[in-house]
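One file, target18.txt, carrying compact mmCIF, C-alpha atoms:
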```
# COMPACT_ATOMS: atom_id res chain seq x y z
CA ARG A 1 -55.74 87.32 -68.69
CA VAL A 2 -55.34 86.17 -72.28
CA HIS A 3 -52.64 88.03 -74.15
CA GLY A 4 -52.91 89.10 -77.78
CA GLY A 5 -49.27 88.34 -78.50
CA PRO A 6 -45.85 87.96 -76.92
CA PRO A 7 -44.82 90.73 -74.52
CA PRO A 8 -43.04 93.74 -76.03
CA GLY A 9 -39.30 93.22 -76.26
CA ALA A 10 -39.55 89.43 -75.93
CA ASP A 11 -37.03 87.27 -77.81
CA VAL A 12 -39.59 85.59 -80.08
CA LEU A 13 -38.54 82.76 -82.37
CA LEU A 14 -42.08 81.80 -83.43
CA SER A 15 -45.50 83.14 -82.53
CA VAL A 16 -48.39 80.66 -82.80
CA ARG A 17 -51.94 81.54 -83.84
CA ASP A 18 -54.86 79.12 -83.57
CA ARG A 19 -57.50 78.16 -86.15
CA LYS A 20 -59.37 81.41 -85.43
CA ASN A 21 -56.10 83.37 -85.81
CA ASP A 22 -56.15 84.21 -82.10
CA PHE A 23 -52.78 84.23 -80.31
CA ARG A 24 -52.14 80.74 -78.89
CA ALA A 25 -48.51 80.61 -77.73
CA TRP A 26 -44.96 81.69 -78.50
CA ILE A 27 -41.58 80.03 -78.61
CA ALA A 28 -38.69 82.10 -77.31
CA GLY A 29 -35.20 82.12 -78.78
CA ASP A 30 -34.00 80.04 -75.81
CA GLY A 31 -36.72 77.42 -76.46
CA GLU A 32 -39.11 78.34 -73.65
CA VAL A 33 -42.74 77.92 -74.78
CA LYS A 34 -45.35 80.22 -73.25
CA SER A 35 -49.11 80.11 -73.61
CA ASN A 36 -51.42 83.01 -74.38
CA LEU A 37 -51.86 83.35 -70.61
CA GLY A 38 -48.13 83.99 -70.20
CA GLU A 39 -47.56 80.62 -68.50
CA THR A 40 -44.64 78.38 -69.40
CA ILE A 41 -46.07 75.23 -71.00
CA GLY A 42 -42.82 73.58 -72.03
CA PHE A 43 -39.29 73.85 -73.31
CA ILE A 44 -37.69 72.94 -76.61
CA ASN A 45 -33.96 72.32 -76.58
CA ILE A 46 -33.26 73.63 -80.07
CA ASP A 47 -29.67 72.34 -80.23
CA ASP A 48 -30.44 68.80 -79.02
CA ASN A 49 -33.90 68.46 -80.66
CA ASN A 50 -35.75 67.40 -77.53
CA ALA A 51 -38.68 68.76 -75.52
CA GLY A 52 -39.62 69.01 -71.89
CA SER A 53 -42.65 69.93 -69.84
CA ALA A 54 -43.00 73.13 -67.82
CA ASP A 55 -41.66 71.09 -64.88
CA MET A 56 -38.58 70.14 -66.95
CA GLU A 57 -39.73 66.53 -67.37
CA PHE A 58 -38.45 64.92 -70.56
CA LEU A 59 -41.29 64.61 -73.10
CA GLY A 60 -39.43 63.26 -76.10
CA ARG A 61 -36.96 63.89 -78.87
CA LEU A 62 -36.56 64.17 -82.61
CA GLU A 63 -33.93 62.20 -84.53
CA THR A 64 -32.90 63.06 -88.07
CA ASP A 65 -32.46 60.42 -90.74
CA THR A 66 -30.53 62.39 -93.34
CA SER A 67 -30.63 59.62 -95.96
CA GLU A 68 -34.41 59.90 -96.26
CA GLY A 69 -34.88 63.58 -95.41
CA ALA A 70 -37.17 62.55 -92.58
CA CYS A 71 -37.08 62.87 -88.79
CA GLU A 72 -38.69 60.55 -86.26
CA VAL A 73 -40.36 62.00 -83.16
CA TYR A 74 -40.08 59.75 -80.10
CA ASP A 75 -42.00 60.16 -76.85
CA ASN A 76 -40.59 59.78 -73.34
CA LEU A 77 -41.05 55.98 -73.57
CA ASP A 78 -38.82 55.91 -76.68
CA GLU A 79 -41.77 55.02 -78.93
CA SER A 80 -41.99 56.57 -82.38
CA ILE A 81 -45.08 58.79 -82.43
CA ALA A 82 -44.59 60.79 -85.63
CA THR A 83 -42.46 61.34 -88.70
CA LEU A 84 -41.48 64.76 -90.01
CA ASP A 85 -40.90 64.84 -93.77
CA LEU A 86 -38.51 67.75 -94.29
CA GLY A 87 -39.00 67.83 -98.07
CA ARG A 88 -42.80 67.92 -97.96
CA ALA A 89 -43.05 69.85 -94.66
CA THR A 90 -45.56 67.32 -93.32
CA ILE A 91 -45.97 65.41 -90.08
CA LYS A 92 -47.41 61.89 -90.11
CA ASP A 93 -48.59 60.02 -87.04
CA ALA A 94 -47.41 56.52 -86.10
CA ASN A 95 -50.07 55.03 -88.43
CA GLY A 96 -48.76 56.99 -91.42
CA SER A 97 -51.66 59.46 -91.60
CA THR A 98 -50.72 63.07 -92.30
CA VAL A 99 -51.69 65.14 -89.25
CA ALA A 100 -50.10 68.45 -90.25
CA GLY A 101 -48.70 70.23 -93.24
CA ILE A 102 -46.88 73.56 -93.10
CA ASP A 103 -46.61 75.81 -96.13
CA GLY A 104 -44.05 78.52 -96.89
CA THR A 105 -46.04 81.16 -94.99
CA GLY A 106 -46.16 79.08 -91.79
CA SER A 107 -49.80 78.15 -92.28
CA CYS A 108 -50.59 74.77 -90.72
CA THR A 109 -53.31 72.46 -92.06
CA GLY A 110 -54.59 69.13 -90.81
CA ASN A 111 -55.28 65.84 -92.55
CA GLY A 112 -58.44 67.01 -94.29
CA GLY A 113 -56.96 70.37 -95.28
CA THR A 114 -58.52 71.99 -92.21
CA TYR A 115 -56.74 75.19 -91.17
CA LEU A 116 -55.15 74.54 -87.76
CA GLY A 117 -53.23 77.76 -87.27
CA GLN A 118 -50.23 79.84 -88.20
CA PHE A 119 -46.56 79.95 -87.16
CA GLU A 120 -45.51 83.59 -87.50
CA GLY A 121 -41.81 84.08 -88.20
CA PHE A 122 -41.70 80.68 -89.93
CA GLY A 123 -38.82 79.50 -92.07
CA TYR A 124 -38.22 75.92 -93.19
CA LYS A 125 -35.32 75.77 -90.71
CA HIS A 126 -38.01 75.80 -87.97
CA LEU A 127 -39.69 72.54 -89.05
CA ARG A 128 -37.99 70.45 -86.33
CA ILE A 129 -39.01 72.95 -83.65
CA ILE A 130 -42.61 72.95 -84.93
CA ALA A 131 -42.69 69.13 -84.96
CA LEU A 132 -41.55 69.02 -81.32
CA TYR A 133 -44.09 71.71 -80.43
CA LEU A 134 -47.04 70.00 -82.14
CA CYS A 135 -46.20 66.40 -81.23
CA LEU A 136 -45.03 66.84 -77.64
CA ILE A 137 -46.01 70.21 -76.15
CA ASP A 138 -49.26 71.45 -77.74
CA THR A 139 -50.82 68.28 -79.15
CA GLY A 140 -54.32 69.84 -78.97
CA MET A 141 -53.46 72.07 -81.92
CA LEU A 142 -53.52 68.97 -84.15
CA ASN A 143 -57.12 68.18 -83.19
CA GLU A 144 -59.15 69.14 -86.25
CA ILE A 145 -62.35 69.45 -84.23
CA GLU A 146 -60.93 71.42 -81.31
CA GLY A 147 -62.98 74.55 -80.68
```
When written as structure tokens, how does the structure in this file appear?
Amino acid sequence: RVHGGPPPGADVLLSVRDRKNDFRAWIAGDGEVKSNLGETIGFINIDDNNAGSADMEFLGRLETDTSEGACEVYDNLDESIATLDLGRATIKDANGSTVAGIDGTGSCTGNGGTYLGQFEGFGYKHLRIIALYLCLIDTGMLNEIEG
């Protein structure tokens, strides 16, 4: 059964809506990521800036380069797959193409300005968490032609 939002009383850090504004997933205060079916789809270690699968397999990490105001996202093979620009609130893929931009309301747009979804409860302090979510846990959200 598809849920319309996180369960009542849940410790919700961010709630994720898709391009149709339907409930997609939520990220709990402890970093657990649950789908709209209530299934755990991954974990984000908020303190260590890394992500894991539902089976606790390491998916990757984010490293901050404070001199440039940017963070690199690395996959489980230690390859750089994306760069998070903290000042512009954008994510670029390994080729340098912008794949996501997040505005002050938590609205997420793709490369062509296509609306990809919404992060409810968003604050700029959540950018690292969102980068880990989009680049390692729910990569389908970045697909501009996903139904």
**Prompt:** Looking at A:Lys92, A:Lys34, A:His126, A:Arg19, which one is nearest to Met141 in chain A, with distances taken over all atoms listed in the file?
**Reply:**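 Using all atoms listed in the file, the shortest distance to Met141 in chain A belongs to A:Arg19.
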**Message:** Using all atoms listed in the file for the distances, tell me which of A:Gly52, A:Gly106, A:Gly5, A:Gly112 is nearest to Thr40 in chain A.
**Reply:** A:Gly52
**Prompt:** At what distance in Å, to one decimal, does CA of Glu79 in chain A lie from CA of Arg17 in chain A?
**Reply:** 28.8 Å
**Request:** Would you please work out which residue, of A:Glu68, A:Asp103, A:Asp78, A:Asp138, is nearest to Thr90 in chain A when using all atoms listed in the file?
**Result:**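 Among the listed residues, A:Asp103 lies closest to Thr90 in chain A.
Residues within 8 Å of Ile137 in chain A, counting only C-alpha atoms and excluding same-chain residues fewer than 5 positions away, are Ile41, Gly42, Ala51, Gly52, Ser53, Leu59 and Leu132 of chain A.
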Select, counting only C-alpha atoms, all protein, DNA and RNA residues no farther than 9 Å from (-44.1, 85.7, -89.4) in file coordinates, and express the selection as a PDB file with C-alpha atoms, keeping the file's coordinate frame.
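As a result, point.pdb now contains:
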```
ATOM      1  CA  LEU A  14     -42.080  81.800 -83.430  1.00  0.00           C
ATOM      2  CA  SER A  15     -45.500  83.140 -82.530  1.00  0.00           C
ATOM      3  CA  THR A 105     -46.040  81.160 -94.990  1.00  0.00           C
ATOM      4  CA  GLY A 106     -46.160  79.080 -91.790  1.00  0.00           C
ATOM      5  CA  GLN A 118     -50.230  79.840 -88.200  1.00  0.00           C
ATOM      6  CA  PHE A 119     -46.560  79.950 -87.160  1.00  0.00           C
ATOM      7  CA  GLU A 120     -45.510  83.590 -87.500  1.00  0.00           C
ATOM      8  CA  GLY A 121     -41.810  84.080 -88.200  1.00  0.00           C
ATOM      9  CA  PHE A 122     -41.700  80.680 -89.930  1.00  0.00           C
ATOM     10  CA  GLY A 123     -38.820  79.500 -92.070  1.00  0.00           C
TER      11      GLY A 123
END
```
**Request:** Could you tell me how far CA of Ala10 in chain A lies from CA of Gly104 in chain A, in Å and to one decimal?
**Result:**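 About the pair CA of Ala10 in chain A and CA of Gly104 in chain A: they are 24.1 Å apart.
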**Message:** Let me make sure I understand: among A:Leu116, A:Ala94, A:Val99, A:Ala25, which one has the smallest atom-to-atom distance to Val73 in chain A if we use only C-alpha atoms?
**Reply:**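 For Val73 in chain A, the nearest of the candidates is A:Ala94.
Using all atoms listed in the file, the nearest neighbour of Leu13 in chain A within the list A:Leu62, A:Ile129, A:Leu86, A:Met56 is A:Ile129.
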